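Each remark here refers to the structure printed beneath this line.
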Amino acid sequence: MAQAGEDGMESDTQLLDRYAAGEEPAFEELVRRHKKTIYDLAYRMLENHADAADMAQKTFVQAFLHHRSFKRESSFRTWLYQIGLNLCRNAIRDRARLAHEDVEEVTLTAPHDTFAEVANGELKDRLGEAIRTLPTRQREALVLRVYHNHAFAEIGTIMSCSEGTAKANYHHAVDRLRLILVAGEGLP
């Protein structure tokens, strides 16, 4: 049996080795460990709970099917993020092709009753709208840095670009959001 780390938990690679040796519960443990972060990534990219849950499941299916191709040049978690981000990119591209949504079918719900809730909700809505206007690579870098607290080197790995390019995309995204939210540029 693989040795546990200092905290008593097996590492992801140890679990992956156990799974490759035929122990199916080891992969279930990997899913349990990472399902929330992969779901969160998918939700931030797709902005829909059902789509995010579906994308998280697809990410783990791909990892399950292709676990032997994991080269261990990065962490298992980073590899999962790469798979999840690529699947989200494909879904966003597919959505753009099928962008025939009827605006009248979209229902808006108002926050409950206090002014603070309304103001907070409006700010979140404006921020969400502003993030949606960002170019794809900038949005990805922003989501991975702000919502998932990844270092730029890891963002570069996940996005298949250099650390410098990841930083540039993030900083361009922040600058663009500042223009949109402070100056009111680009949004109605």
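Residue numbers start at 1 in each chain; chains themselves are named A, B, ... in the order of the structure tokens; ligands are numbered from 1 in the order shown.
Using only C-alpha atoms, the residues found no farther than 9 Å from stretch 61-69 of chain A, other than those of its own chain fewer than 6 positions away, are A:Leu16, A:Ala20, A:Phe27, A:Trp79, A:Leu80, A:Ile83.
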request  = Skip A:Arg132 itself and residues of its chain fewer than 2 positions away, then list as a VMD selection string all residues within 12 Å of it, counting only C-alpha atoms.
outcome  = chain A and resid 44 to 47 92 125 to 130 134 to 140 142 to 143 173 176 to 177 180 186 to 187
query = So how far away is atom CA of A:Ile155 from atom CA of A:Thr78, in Å?
reply = 8.6 Å
request  = Considering only C-alpha atoms, return as a VMD selection string whatever protein or nucleic-acid residues lie within 10 Å of A:Asp51, sequence-local ones (same chain, fewer than 5 positions apart) excluded.
outcome  = chain A and resid 39 42 to 43 45 to 46 56 to 57 88 91
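Atom CA of A:His148 sits 16.7 Å away from atom CA of A:Met55.
Between atom CA of A:Leu41 and atom CA of A:Arg18 lies a distance of 26.7 Å.
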request  = Once DSSP has gone over the backbone, tell me which residues of stretch 13-170 of chain A are in helix (DSSP H, G or I), as JSON, numbers by chain.
outcome  = {"A": [13, 14, 15, 16, 17, 18, 19, 20, 24, 25, 26, 27, 28, 29, 30, 31, 32, 33, 34, 35, 36, 37, 38, 39, 40, 41, 42, 43, 44, 45, 46, 49, 50, 51, 52, 53, 54, 55, 56, 57, 58, 59, 60, 61, 62, 63, 64, 65, 67, 68, 69, 76, 77, 78, 79, 80, 81, 82, 83, 84, 85, 86, 87, 88, 89, 90, 91, 92, 93, 94, 95, 96, 97, 103, 104, 105, 115, 116, 117, 118, 119, 120, 121, 122, 123, 124, 125, 126, 127, 128, 129, 130, 131, 132, 133, 136, 137, 138, 139, 140, 141, 142, 143, 144, 145, 146, 147, 152, 153, 154, 155, 156, 157, 158, 159, 163, 164, 165, 166, 167, 168, 169, 170]}
